[in-house]
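Content type compact mmCIF, N, CA and C atoms, from the file my_file.txt:
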# COMPACT_ATOMS: atom_id res chain seq x y z
N MET N 36 123.66 176.42 92.25
CA MET N 36 124.52 175.99 93.31
C MET N 36 124.50 177.04 94.41
N ALA N 37 124.42 176.58 95.64
CA ALA N 37 124.32 177.50 96.78
C ALA N 37 125.70 178.01 97.15
N ALA N 38 125.72 179.23 97.63
CA ALA N 38 126.99 179.83 98.06
C ALA N 38 127.45 179.15 99.34
N PRO N 39 128.78 179.02 99.52
CA PRO N 39 129.26 178.39 100.75
C PRO N 39 128.91 179.26 101.96
N PRO N 40 128.72 178.61 103.10
CA PRO N 40 128.37 179.40 104.30
C PRO N 40 129.52 180.35 104.66
N PRO N 41 129.19 181.49 105.29
CA PRO N 41 130.25 182.43 105.67
C PRO N 41 131.18 181.78 106.70
N PRO N 42 132.47 182.18 106.69
CA PRO N 42 133.39 181.58 107.66
C PRO N 42 132.98 181.94 109.09
N VAL N 43 133.23 181.02 109.98
CA VAL N 43 132.92 181.23 111.39
C VAL N 43 134.09 181.97 112.03
N ALA N 44 133.80 183.05 112.73
CA ALA N 44 134.86 183.82 113.38
C ALA N 44 135.44 183.02 114.54
N ALA N 45 136.74 183.09 114.66
CA ALA N 45 137.41 182.41 115.77
C ALA N 45 137.01 183.08 117.07
N PRO N 46 136.83 182.31 118.11
CA PRO N 46 136.46 182.94 119.39
C PRO N 46 137.59 183.83 119.88
N LYS N 47 137.18 184.91 120.53
CA LYS N 47 138.17 185.84 121.10
C LYS N 47 138.89 185.15 122.25
N PRO N 48 140.22 185.36 122.31
CA PRO N 48 140.94 184.75 123.45
C PRO N 48 140.49 185.38 124.76
N VAL N 49 140.40 184.58 125.76
CA VAL N 49 140.01 185.06 127.09
C VAL N 49 141.21 185.76 127.71
N GLU N 50 140.98 187.00 128.13
CA GLU N 50 142.07 187.74 128.78
C GLU N 50 142.25 187.21 130.19
N ARG N 51 143.47 186.86 130.51
CA ARG N 51 143.79 186.32 131.81
C ARG N 51 144.02 187.48 132.78
N GLN N 52 143.34 187.45 133.89
CA GLN N 52 143.50 188.46 134.92
C GLN N 52 144.72 188.12 135.77
N VAL N 53 145.64 189.06 135.87
CA VAL N 53 146.82 188.87 136.71
C VAL N 53 146.49 189.41 138.09
N VAL N 54 146.69 188.60 139.10
CA VAL N 54 146.44 189.01 140.49
C VAL N 54 147.74 189.59 141.03
N ARG N 55 147.71 190.90 141.32
CA ARG N 55 148.89 191.59 141.85
C ARG N 55 148.65 191.99 143.29
N THR N 56 149.65 191.73 144.12
CA THR N 56 149.63 192.13 145.52
C THR N 56 150.81 193.05 145.74
N PRO N 57 150.60 194.26 146.27
CA PRO N 57 151.72 195.18 146.47
C PRO N 57 152.64 194.74 147.60
N PRO N 58 153.87 195.26 147.60
CA PRO N 58 154.77 194.97 148.72
C PRO N 58 154.17 195.47 150.03
N SER N 59 154.62 194.87 151.12
CA SER N 59 154.06 195.22 152.42
C SER N 59 155.17 195.36 153.46
N THR N 60 154.86 196.13 154.49
CA THR N 60 155.78 196.28 155.61
C THR N 60 155.34 195.43 156.79
N GLN N 61 154.30 194.61 156.57
CA GLN N 61 153.80 193.75 157.64
C GLN N 61 153.77 192.32 157.17
N GLY N 62 154.19 191.44 158.02
CA GLY N 62 154.18 190.02 157.68
C GLY N 62 155.54 189.40 157.94
N ARG N 63 155.61 188.12 157.68
CA ARG N 63 156.83 187.36 157.93
C ARG N 63 157.99 187.89 157.09
N GLY N 64 159.08 188.23 157.73
CA GLY N 64 160.26 188.70 157.04
C GLY N 64 160.37 190.22 156.94
N ALA N 65 159.29 190.92 157.22
CA ALA N 65 159.34 192.38 157.15
C ALA N 65 160.04 192.94 158.40
N ARG N 66 160.81 193.98 158.19
CA ARG N 66 161.48 194.65 159.32
C ARG N 66 161.51 196.14 159.01
N ILE N 67 160.80 196.90 159.82
CA ILE N 67 160.70 198.34 159.62
C ILE N 67 161.24 199.01 160.88
N THR N 68 162.19 199.91 160.68
CA THR N 68 162.79 200.62 161.81
C THR N 68 162.63 202.12 161.60
N GLN N 69 162.54 202.82 162.70
CA GLN N 69 162.42 204.28 162.65
C GLN N 69 163.81 204.88 162.44
N PRO N 70 163.95 205.80 161.50
CA PRO N 70 165.26 206.43 161.30
C PRO N 70 165.70 207.21 162.54
N GLU N 71 167.00 207.33 162.69
CA GLU N 71 167.53 208.17 163.76
C GLU N 71 167.17 209.62 163.44
N TYR N 72 166.66 210.32 164.44
CA TYR N 72 166.29 211.72 164.25
C TYR N 72 167.57 212.54 164.09
N PRO N 73 167.74 213.27 163.00
CA PRO N 73 168.95 214.09 162.86
C PRO N 73 169.03 215.10 164.01
N PRO N 74 170.16 215.17 164.72
CA PRO N 74 170.26 216.07 165.88
C PRO N 74 169.93 217.53 165.55
N ALA N 75 170.39 218.02 164.41
CA ALA N 75 170.10 219.42 164.04
C ALA N 75 168.60 219.62 163.83
N SER N 76 167.93 218.63 163.28
CA SER N 76 166.48 218.72 163.07
C SER N 76 165.74 218.69 164.40
N ARG N 77 166.24 217.87 165.33
CA ARG N 77 165.64 217.81 166.66
C ARG N 77 165.76 219.16 167.35
N ARG N 78 166.96 219.73 167.30
CA ARG N 78 167.18 221.05 167.94
C ARG N 78 166.31 222.13 167.32
N ALA N 79 166.10 222.05 166.01
CA ALA N 79 165.31 223.06 165.30
C ALA N 79 163.80 222.80 165.42
N GLY N 80 163.42 221.67 166.02
CA GLY N 80 162.00 221.37 166.18
C GLY N 80 161.33 220.93 164.88
N GLU N 81 162.10 220.39 163.95
CA GLU N 81 161.55 219.98 162.66
C GLU N 81 160.80 218.66 162.79
N GLU N 82 159.59 218.62 162.26
CA GLU N 82 158.77 217.42 162.23
C GLU N 82 158.14 217.32 160.84
N GLY N 83 157.76 216.11 160.48
CA GLY N 83 157.06 215.97 159.21
C GLY N 83 157.03 214.53 158.74
N THR N 84 156.33 214.33 157.65
CA THR N 84 156.21 213.01 157.03
C THR N 84 156.76 213.09 155.62
N VAL N 85 157.65 212.16 155.32
CA VAL N 85 158.21 212.05 153.97
C VAL N 85 157.60 210.81 153.32
N THR N 86 157.13 210.97 152.09
CA THR N 86 156.59 209.85 151.34
C THR N 86 157.67 209.39 150.38
N LEU N 87 158.01 208.10 150.46
CA LEU N 87 159.08 207.54 149.65
C LEU N 87 158.51 206.58 148.62
N LYS N 88 159.06 206.65 147.42
CA LYS N 88 158.75 205.70 146.36
C LYS N 88 159.89 204.70 146.37
N VAL N 89 159.57 203.43 146.67
CA VAL N 89 160.60 202.41 146.87
C VAL N 89 160.43 201.29 145.83
N PHE N 90 161.53 200.93 145.20
CA PHE N 90 161.54 199.77 144.31
C PHE N 90 161.89 198.57 145.18
N VAL N 91 160.87 197.79 145.51
CA VAL N 91 161.05 196.62 146.38
C VAL N 91 161.40 195.43 145.49
N THR N 92 162.55 194.82 145.74
CA THR N 92 162.99 193.68 144.93
C THR N 92 162.18 192.43 145.29
N ASP N 93 162.29 191.42 144.44
CA ASP N 93 161.57 190.18 144.71
C ASP N 93 162.12 189.45 145.94
N GLY N 94 163.29 189.89 146.43
CA GLY N 94 163.85 189.35 147.66
C GLY N 94 163.45 190.14 148.90
N GLY N 95 162.65 191.21 148.72
CA GLY N 95 162.15 191.99 149.86
C GLY N 95 163.06 193.11 150.33
N ARG N 96 164.06 193.47 149.52
CA ARG N 96 164.96 194.58 149.91
C ARG N 96 164.60 195.82 149.12
N ALA N 97 165.03 196.96 149.64
CA ALA N 97 164.82 198.22 148.94
C ALA N 97 165.89 198.37 147.87
N GLY N 98 165.47 198.48 146.64
CA GLY N 98 166.40 198.76 145.54
C GLY N 98 166.60 200.27 145.52
N GLN N 99 165.96 200.90 144.59
CA GLN N 99 166.04 202.36 144.47
C GLN N 99 165.01 202.99 145.41
N VAL N 100 165.38 204.12 146.02
CA VAL N 100 164.48 204.85 146.91
C VAL N 100 164.48 206.31 146.49
N GLU N 101 163.29 206.86 146.26
CA GLU N 101 163.15 208.26 145.83
C GLU N 101 162.16 208.96 146.74
N VAL N 102 162.36 210.27 146.94
CA VAL N 102 161.41 211.06 147.71
C VAL N 102 160.25 211.43 146.77
N ALA N 103 159.07 210.93 147.08
CA ALA N 103 157.88 211.25 146.29
C ALA N 103 157.27 212.56 146.78
N LYS N 104 157.30 212.77 148.11
CA LYS N 104 156.80 214.01 148.71
C LYS N 104 157.66 214.32 149.92
N SER N 105 158.27 215.46 149.91
CA SER N 105 159.19 215.86 150.97
C SER N 105 158.44 216.18 152.27
N SER N 106 159.17 216.01 153.36
CA SER N 106 158.66 216.40 154.67
C SER N 106 158.74 217.92 154.82
N GLY N 107 159.48 218.53 153.92
CA GLY N 107 159.73 219.97 154.01
C GLY N 107 161.10 220.26 154.62
N PHE N 108 161.79 219.20 155.06
CA PHE N 108 163.09 219.35 155.69
C PHE N 108 164.07 218.35 155.08
N PRO N 109 165.06 218.82 154.33
CA PRO N 109 166.00 217.92 153.64
C PRO N 109 166.69 216.91 154.56
N LYS N 110 167.03 217.30 155.78
CA LYS N 110 167.72 216.36 156.69
C LYS N 110 166.81 215.19 157.07
N LEU N 111 165.53 215.47 157.28
CA LEU N 111 164.58 214.40 157.60
C LEU N 111 164.39 213.48 156.39
N ASP N 112 164.26 214.07 155.21
CA ASP N 112 164.10 213.27 153.99
C ASP N 112 165.30 212.35 153.79
N GLU N 113 166.49 212.90 153.96
CA GLU N 113 167.72 212.12 153.77
C GLU N 113 167.82 210.98 154.80
N ALA N 114 167.46 211.26 156.04
CA ALA N 114 167.51 210.23 157.08
C ALA N 114 166.55 209.08 156.75
N ALA N 115 165.37 209.42 156.24
CA ALA N 115 164.39 208.40 155.89
C ALA N 115 164.90 207.53 154.73
N VAL N 116 165.43 208.15 153.70
CA VAL N 116 165.94 207.41 152.54
C VAL N 116 167.04 206.45 152.97
N LYS N 117 167.99 206.94 153.76
CA LYS N 117 169.11 206.10 154.20
C LYS N 117 168.63 204.92 155.04
N GLU N 118 167.68 205.16 155.94
CA GLU N 118 167.17 204.09 156.80
C GLU N 118 166.49 202.99 155.98
N VAL N 119 165.67 203.40 155.02
CA VAL N 119 164.97 202.43 154.19
C VAL N 119 165.96 201.62 153.36
N GLN N 120 166.95 202.29 152.77
CA GLN N 120 167.94 201.58 151.95
C GLN N 120 168.75 200.59 152.77
N ARG N 121 169.14 200.97 153.96
CA ARG N 121 170.04 200.14 154.76
C ARG N 121 169.34 199.04 155.56
N ASN N 122 168.19 199.35 156.12
CA ASN N 122 167.64 198.46 157.15
C ASN N 122 166.27 197.85 156.90
N TRP N 123 165.45 198.47 156.06
CA TRP N 123 164.10 197.95 155.90
C TRP N 123 164.09 196.68 155.08
N ARG N 124 163.21 195.76 155.47
CA ARG N 124 162.95 194.54 154.72
C ARG N 124 161.43 194.46 154.53
N PHE N 125 161.04 194.06 153.35
CA PHE N 125 159.63 194.04 152.99
C PHE N 125 159.16 192.63 152.68
N VAL N 126 157.86 192.45 152.72
CA VAL N 126 157.25 191.28 152.11
C VAL N 126 157.11 191.71 150.65
N PRO N 127 157.77 191.02 149.72
CA PRO N 127 157.76 191.48 148.33
C PRO N 127 156.37 191.44 147.72
N GLY N 128 156.17 192.26 146.68
CA GLY N 128 154.93 192.21 145.93
C GLY N 128 154.85 190.89 145.18
N LYS N 129 153.64 190.54 144.77
CA LYS N 129 153.45 189.26 144.08
C LYS N 129 152.55 189.42 142.87
N GLU N 130 152.82 188.60 141.88
CA GLU N 130 151.94 188.46 140.73
C GLU N 130 151.59 186.99 140.63
N ASP N 131 150.31 186.70 140.72
CA ASP N 131 149.82 185.32 140.72
C ASP N 131 150.57 184.45 141.73
N GLY N 132 150.82 185.01 142.91
CA GLY N 132 151.45 184.26 143.99
C GLY N 132 152.96 184.18 143.94
N LYS N 133 153.58 184.70 142.88
CA LYS N 133 155.03 184.64 142.74
C LYS N 133 155.63 186.01 143.08
N ALA N 134 156.68 186.02 143.91
CA ALA N 134 157.33 187.28 144.30
C ALA N 134 157.94 187.94 143.07
N VAL N 135 157.67 189.25 142.93
CA VAL N 135 158.23 190.04 141.83
C VAL N 135 158.66 191.39 142.37
N SER N 136 159.58 192.02 141.67
CA SER N 136 160.03 193.36 142.02
C SER N 136 159.00 194.38 141.52
N MET N 137 158.73 195.41 142.33
CA MET N 137 157.81 196.47 141.90
C MET N 137 157.97 197.70 142.78
N TRP N 138 157.49 198.82 142.26
CA TRP N 138 157.50 200.09 142.99
C TRP N 138 156.29 200.16 143.91
N HIS N 139 156.50 200.82 145.07
CA HIS N 139 155.39 201.07 145.99
C HIS N 139 155.77 202.27 146.84
N THR N 140 154.78 202.97 147.39
CA THR N 140 155.06 204.13 148.23
C THR N 140 154.86 203.78 149.70
N PHE N 141 155.72 204.37 150.52
CA PHE N 141 155.67 204.19 151.97
C PHE N 141 155.93 205.54 152.61
N ALA N 142 155.36 205.77 153.78
CA ALA N 142 155.54 207.04 154.49
C ALA N 142 156.38 206.81 155.76
N VAL N 143 157.23 207.80 156.05
CA VAL N 143 158.02 207.80 157.28
C VAL N 143 157.73 209.11 157.98
N THR N 144 157.30 209.03 159.24
CA THR N 144 156.94 210.22 160.00
C THR N 144 157.95 210.49 161.09
N PHE N 145 158.36 211.73 161.17
CA PHE N 145 159.26 212.21 162.22
C PHE N 145 158.42 213.09 163.14
N ARG N 146 158.34 212.69 164.42
CA ARG N 146 157.56 213.46 165.39
C ARG N 146 158.35 213.55 166.67
N LEU N 147 158.53 214.75 167.15
CA LEU N 147 159.24 214.96 168.40
C LEU N 147 158.33 214.58 169.56
N THR N 148 158.84 213.76 170.46
CA THR N 148 158.01 213.31 171.57
C THR N 148 158.49 213.77 172.92
N ASP N 149 159.72 214.34 172.98
CA ASP N 149 160.19 214.79 174.30
C ASP N 149 160.38 216.26 174.35

Rewrite the structure from the file as structure tokens, please.
Amino acid sequence: MAAPPPPVAAPKPVERQVVRTPPSTQGRGARITQPEYPPASRRAGEEGTVTLKVFVTDGGRAGQVEVAKSSGFPKLDEAAVKEVQRNWRFVPGKEDGKAVSMWHTFAVTFRLTD
């Protein structure tokens, strides 16, 4: 009597690729404003760029905001954080076309022009 054929291995499941799009400051519904320059920083001639890590909600608002890289001046960093929390609106990030909350980094530059 012949031995039964070996069992056939089940096919491996196909991994589904999730298409992720990061939040954006450009597009319909986005609103980006420049923070007010702190008067003491203006007088002191302080300039710089602060990089912020922002938790953008699925509704396009800033949830948590953290300084990822300081401008080197605490007053400028604080002004940027407050402006983003209060006034910025984003195009939310998406997964497979559906808005989802996610972290993303954005930069705010303070430059004296007068």

**OP:** Within 8 Å of Arg124 of chain N, counting only N, CA and C atoms, which residues show up once you throw out same-chain ones fewer than 4 positions away? Write them as a list in words, please.
**Re:**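 The neighbour list is Ser59, Thr60, Gln61, Arg63, Gly64, Ala65, Arg66, Ile67, Thr68, Gly94, Gly95, Arg96, Ala97, Glu118, Val119 and Gln120 of chain N.
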
Go through segment 45-140 of chain N and collect every residue that DSSP, computed from the backbone, puts in strand (DSSP E); the answer should be as a PDB file with N, CA and C atoms, in the frame of the given file.
ATOM      1  N   ARG N  55     147.710 190.900 141.320  1.00  0.00           N
ATOM      2  CA  ARG N  55     148.890 191.590 141.850  1.00  0.00           C
ATOM      3  C   ARG N  55     148.650 191.990 143.290  1.00  0.00           C
ATOM      4  N   THR N  56     149.650 191.730 144.120  1.00  0.00           N
ATOM      5  CA  THR N  56     149.630 192.130 145.520  1.00  0.00           C
ATOM      6  C   THR N  56     150.810 193.050 145.740  1.00  0.00           C
ATOM      7  N   GLY N  83     157.760 216.110 160.480  1.00  0.00           N
ATOM      8  CA  GLY N  83     157.060 215.970 159.210  1.00  0.00           C
ATOM      9  C   GLY N  83     157.030 214.530 158.740  1.00  0.00           C
ATOM     10  N   THR N  84     156.330 214.330 157.650  1.00  0.00           N
ATOM     11  CA  THR N  84     156.210 213.010 157.030  1.00  0.00           C
ATOM     12  C   THR N  84     156.760 213.090 155.620  1.00  0.00           C
ATOM     13  N   VAL N  85     157.650 212.160 155.320  1.00  0.00           N
ATOM     14  CA  VAL N  85     158.210 212.050 153.970  1.00  0.00           C
ATOM     15  C   VAL N  85     157.600 210.810 153.320  1.00  0.00           C
ATOM     16  N   THR N  86     157.130 210.970 152.090  1.00  0.00           N
ATOM     17  CA  THR N  86     156.590 209.850 151.340  1.00  0.00           C
ATOM     18  C   THR N  86     157.670 209.390 150.380  1.00  0.00           C
ATOM     19  N   LEU N  87     158.010 208.100 150.460  1.00  0.00           N
ATOM     20  CA  LEU N  87     159.080 207.540 149.650  1.00  0.00           C
ATOM     21  C   LEU N  87     158.510 206.580 148.620  1.00  0.00           C
ATOM     22  N   LYS N  88     159.060 206.650 147.420  1.00  0.00           N
ATOM     23  CA  LYS N  88     158.750 205.700 146.360  1.00  0.00           C
ATOM     24  C   LYS N  88     159.890 204.700 146.370  1.00  0.00           C
ATOM     25  N   VAL N  89     159.570 203.430 146.670  1.00  0.00           N
ATOM     26  CA  VAL N  89     160.600 202.410 146.870  1.00  0.00           C
ATOM     27  C   VAL N  89     160.430 201.290 145.830  1.00  0.00           C
ATOM     28  N   PHE N  90     161.530 200.930 145.200  1.00  0.00           N
ATOM     29  CA  PHE N  90     161.540 199.770 144.310  1.00  0.00           C
ATOM     30  C   PHE N  90     161.890 198.570 145.180  1.00  0.00           C
ATOM     31  N   VAL N  91     160.870 197.790 145.510  1.00  0.00           N
ATOM     32  CA  VAL N  91     161.050 196.620 146.380  1.00  0.00           C
ATOM     33  C   VAL N  91     161.400 195.430 145.490  1.00  0.00           C
ATOM     34  N   ALA N  97     165.030 196.960 149.640  1.00  0.00           N
ATOM     35  CA  ALA N  97     164.820 198.220 148.940  1.00  0.00           C
ATOM     36  C   ALA N  97     165.890 198.370 147.870  1.00  0.00           C
ATOM     37  N   GLY N  98     165.470 198.480 146.640  1.00  0.00           N
ATOM     38  CA  GLY N  98     166.400 198.760 145.540  1.00  0.00           C
ATOM     39  C   GLY N  98     166.600 200.270 145.520  1.00  0.00           C
ATOM     40  N   GLN N  99     165.960 200.900 144.590  1.00  0.00           N
ATOM     41  CA  GLN N  99     166.040 202.360 144.470  1.00  0.00           C
ATOM     42  C   GLN N  99     165.010 202.990 145.410  1.00  0.00           C
ATOM     43  N   VAL N 100     165.380 204.120 146.020  1.00  0.00           N
ATOM     44  CA  VAL N 100     164.480 204.850 146.910  1.00  0.00           C
ATOM     45  C   VAL N 100     164.480 206.310 146.490  1.00  0.00           C
ATOM     46  N   GLU N 101     163.290 206.860 146.260  1.00  0.00           N
ATOM     47  CA  GLU N 101     163.150 208.260 145.830  1.00  0.00           C
ATOM     48  C   GLU N 101     162.160 208.960 146.740  1.00  0.00           C
ATOM     49  N   VAL N 102     162.360 210.270 146.940  1.00  0.00           N
ATOM     50  CA  VAL N 102     161.410 211.060 147.710  1.00  0.00           C
ATOM     51  C   VAL N 102     160.250 211.430 146.770  1.00  0.00           C
ATOM     52  N   ALA N 103     159.070 210.930 147.080  1.00  0.00           N
ATOM     53  CA  ALA N 103     157.880 211.250 146.290  1.00  0.00           C
ATOM     54  C   ALA N 103     157.270 212.560 146.780  1.00  0.00           C
ATOM     55  N   LYS N 104     157.300 212.770 148.110  1.00  0.00           N
ATOM     56  CA  LYS N 104     156.800 214.010 148.710  1.00  0.00           C
ATOM     57  C   LYS N 104     157.660 214.320 149.920  1.00  0.00           C
ATOM     58  N   GLY N 128     156.170 192.260 146.680  1.00  0.00           N
ATOM     59  CA  GLY N 128     154.930 192.210 145.930  1.00  0.00           C
ATOM     60  C   GLY N 128     154.850 190.890 145.180  1.00  0.00           C
ATOM     61  N   LYS N 129     153.640 190.540 144.770  1.00  0.00           N
ATOM     62  CA  LYS N 129     153.450 189.260 144.080  1.00  0.00           C
ATOM     63  C   LYS N 129     152.550 189.420 142.870  1.00  0.00           C
ATOM     64  N   GLU N 130     152.820 188.600 141.880  1.00  0.00           N
ATOM     65  CA  GLU N 130     151.940 188.460 140.730  1.00  0.00           C
ATOM     66  C   GLU N 130     151.590 186.990 140.630  1.00  0.00           C
ATOM     67  N   LYS N 133     153.580 184.700 142.880  1.00  0.00           N
ATOM     68  CA  LYS N 133     155.030 184.640 142.740  1.00  0.00           C
ATOM     69  C   LYS N 133     155.630 186.010 143.080  1.00  0.00           C
ATOM     70  N   ALA N 134     156.680 186.020 143.910  1.00  0.00           N
ATOM     71  CA  ALA N 134     157.330 187.280 144.300  1.00  0.00           C
ATOM     72  C   ALA N 134     157.940 187.940 143.070  1.00  0.00           C
ATOM     73  N   VAL N 135     157.670 189.250 142.930  1.00  0.00           N
ATOM     74  CA  VAL N 135     158.230 190.040 141.830  1.00  0.00           C
ATOM     75  C   VAL N 135     158.660 191.390 142.370  1.00  0.00           C
ATOM     76  N   MET N 137     158.730 195.410 142.330  1.00  0.00           N
ATOM     77  CA  MET N 137     157.810 196.470 141.900  1.00  0.00           C
ATOM     78  C   MET N 137     157.970 197.700 142.780  1.00  0.00           C
ATOM     79  N   TRP N 138     157.490 198.820 142.260  1.00  0.00           N
ATOM     80  CA  TRP N 138     157.500 200.090 142.990  1.00  0.00           C
ATOM     81  C   TRP N 138     156.290 200.160 143.910  1.00  0.00           C
ATOM     82  N   HIS N 139     156.500 200.820 145.070  1.00  0.00           N
ATOM     83  CA  HIS N 139     155.390 201.070 145.990  1.00  0.00           C
ATOM     84  C   HIS N 139     155.770 202.270 146.840  1.00  0.00           C
ATOM     85  N   THR N 140     154.780 202.970 147.390  1.00  0.00           N
ATOM     86  CA  THR N 140     155.060 204.130 148.230  1.00  0.00           C
ATOM     87  C   THR N 140     154.860 203.780 149.700  1.00  0.00           C
TER      88      THR N 140
END

Original post:
as a VMD selection string, which residues of chain N does DSSP assign to helix (DSSP H, G or I)?
Top reply: chain N and resid 74 to 79 109 to 122

Subject >> Glu113 of chain N environment, 10 Å, only C-alpha atoms, sequence neighbours closer than 6 positions dropped, as an MDAnalysis selection string >> reply: chainID N and resid 70 73 85 101:102 105

**OP:** Give as a PyMOL selection string the set of residues within 5 Å of the point (155.4, 205.1, 146.9), where distances use the file's coordinates and all atoms listed in the file.
**Re:** chain N and resi 87-89+139-141

Original post:
Which of these, N:Pro127, N:Thr84, N:Val53, N:Phe90, has the shortest distance to Ala142 of chain N once you count all atoms listed in the file?
Top reply: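 Nearest to Ala142 of chain N: N:Thr84.
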
Original post:
Which polymer residues, protein or nucleic acid, are no farther than 6.5 Å from (160.5, 216.6, 162.0), counting only N, CA and C atoms, as an NGL selection string?
Top reply: :N and (76 or 80-84 or 111 or 145-147)

Original post:
Between atom C of Val126 of chain N and atom CA of Pro57 of chain N, what is the spacing in Å?
Top reply: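 A separation of 7.7 Å between them.
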
**OP:** Could you check which of N:Gln69, N:Asp131, N:Phe108, N:Ala79 is closest to Val143 of chain N, using only N, CA and C atoms?
**Re:**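 Result for the nearest residue to Val143 of chain N: N:Gln69.
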
Have segment 66-72 of chain N completed to all heavy atoms, please, and pass it along as a PDB file, in the coordinates of the input.
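Result file result_28.pdb:
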ATOM      1  N   ARG N  66     160.810 193.980 158.190  1.00  0.00           N
ATOM      2  CA  ARG N  66     161.480 194.650 159.320  1.00  0.00           C
ATOM      3  C   ARG N  66     161.510 196.140 159.010  1.00  0.00           C
ATOM      4  O   ARG N  66     162.153 196.584 158.061  1.00  0.00           O
ATOM      5  CB  ARG N  66     162.900 194.127 159.501  1.00  0.00           C
ATOM      6  CG  ARG N  66     163.579 194.793 160.712  1.00  0.00           C
ATOM      7  CD  ARG N  66     164.966 194.269 160.955  1.00  0.00           C
ATOM      8  NE  ARG N  66     165.861 194.809 159.948  1.00  0.00           N
ATOM      9  CZ  ARG N  66     166.910 194.174 159.459  1.00  0.00           C
ATOM     10  NH1 ARG N  66     167.206 192.962 159.865  1.00  0.00           N
ATOM     11  NH2 ARG N  66     167.682 194.727 158.553  1.00  0.00           N
ATOM     12  N   ILE N  67     160.800 196.900 159.820  1.00  0.00           N
ATOM     13  CA  ILE N  67     160.700 198.340 159.620  1.00  0.00           C
ATOM     14  C   ILE N  67     161.240 199.010 160.880  1.00  0.00           C
ATOM     15  O   ILE N  67     160.802 198.713 161.987  1.00  0.00           O
ATOM     16  CB  ILE N  67     159.227 198.753 159.389  1.00  0.00           C
ATOM     17  CG1 ILE N  67     158.623 197.954 158.250  1.00  0.00           C
ATOM     18  CG2 ILE N  67     159.114 200.246 159.144  1.00  0.00           C
ATOM     19  CD1 ILE N  67     159.368 197.993 156.943  1.00  0.00           C
ATOM     20  N   THR N  68     162.190 199.910 160.680  1.00  0.00           N
ATOM     21  CA  THR N  68     162.790 200.620 161.810  1.00  0.00           C
ATOM     22  C   THR N  68     162.630 202.120 161.600  1.00  0.00           C
ATOM     23  O   THR N  68     162.567 202.603 160.482  1.00  0.00           O
ATOM     24  CB  THR N  68     164.290 200.281 161.907  1.00  0.00           C
ATOM     25  OG1 THR N  68     164.902 200.515 160.632  1.00  0.00           O
ATOM     26  CG2 THR N  68     164.503 198.827 162.302  1.00  0.00           C
ATOM     27  N   GLN N  69     162.540 202.820 162.700  1.00  0.00           N
ATOM     28  CA  GLN N  69     162.420 204.280 162.650  1.00  0.00           C
ATOM     29  C   GLN N  69     163.810 204.880 162.440  1.00  0.00           C
ATOM     30  O   GLN N  69     164.756 204.494 163.129  1.00  0.00           O
ATOM     31  CB  GLN N  69     161.804 204.808 163.953  1.00  0.00           C
ATOM     32  CG  GLN N  69     161.558 206.299 163.975  1.00  0.00           C
ATOM     33  CD  GLN N  69     160.508 206.765 162.980  1.00  0.00           C
ATOM     34  OE1 GLN N  69     159.641 206.012 162.572  1.00  0.00           O
ATOM     35  NE2 GLN N  69     160.616 208.001 162.558  1.00  0.00           N
ATOM     36  N   PRO N  70     163.950 205.800 161.500  1.00  0.00           N
ATOM     37  CA  PRO N  70     165.260 206.430 161.300  1.00  0.00           C
ATOM     38  C   PRO N  70     165.700 207.210 162.540  1.00  0.00           C
ATOM     39  O   PRO N  70     164.866 207.681 163.314  1.00  0.00           O
ATOM     40  CB  PRO N  70     165.017 207.402 160.135  1.00  0.00           C
ATOM     41  CG  PRO N  70     163.735 206.981 159.522  1.00  0.00           C
ATOM     42  CD  PRO N  70     162.945 206.281 160.581  1.00  0.00           C
ATOM     43  N   GLU N  71     167.000 207.330 162.690  1.00  0.00           N
ATOM     44  CA  GLU N  71     167.530 208.170 163.760  1.00  0.00           C
ATOM     45  C   GLU N  71     167.170 209.620 163.440  1.00  0.00           C
ATOM     46  O   GLU N  71     167.324 210.074 162.314  1.00  0.00           O
ATOM     47  CB  GLU N  71     169.042 208.014 163.844  1.00  0.00           C
ATOM     48  CG  GLU N  71     169.638 208.746 165.027  1.00  0.00           C
ATOM     49  CD  GLU N  71     171.126 208.479 165.164  1.00  0.00           C
ATOM     50  OE1 GLU N  71     171.560 207.357 164.855  1.00  0.00           O
ATOM     51  OE2 GLU N  71     171.838 209.415 165.572  1.00  0.00           O
ATOM     52  N   TYR N  72     166.660 210.320 164.440  1.00  0.00           N
ATOM     53  CA  TYR N  72     166.290 211.720 164.250  1.00  0.00           C
ATOM     54  C   TYR N  72     167.570 212.540 164.090  1.00  0.00           C
ATOM     55  O   TYR N  72     168.439 212.501 164.970  1.00  0.00           O
ATOM     56  CB  TYR N  72     165.530 212.225 165.482  1.00  0.00           C
ATOM     57  CG  TYR N  72     164.337 213.091 165.162  1.00  0.00           C
ATOM     58  CD1 TYR N  72     163.053 212.640 165.397  1.00  0.00           C
ATOM     59  CD2 TYR N  72     164.497 214.359 164.621  1.00  0.00           C
ATOM     60  CE1 TYR N  72     161.946 213.416 165.125  1.00  0.00           C
ATOM     61  CE2 TYR N  72     163.399 215.150 164.343  1.00  0.00           C
ATOM     62  CZ  TYR N  72     162.123 214.670 164.592  1.00  0.00           C
ATOM     63  OH  TYR N  72     161.034 215.455 164.312  1.00  0.00           O
TER      64      TYR N  72
END
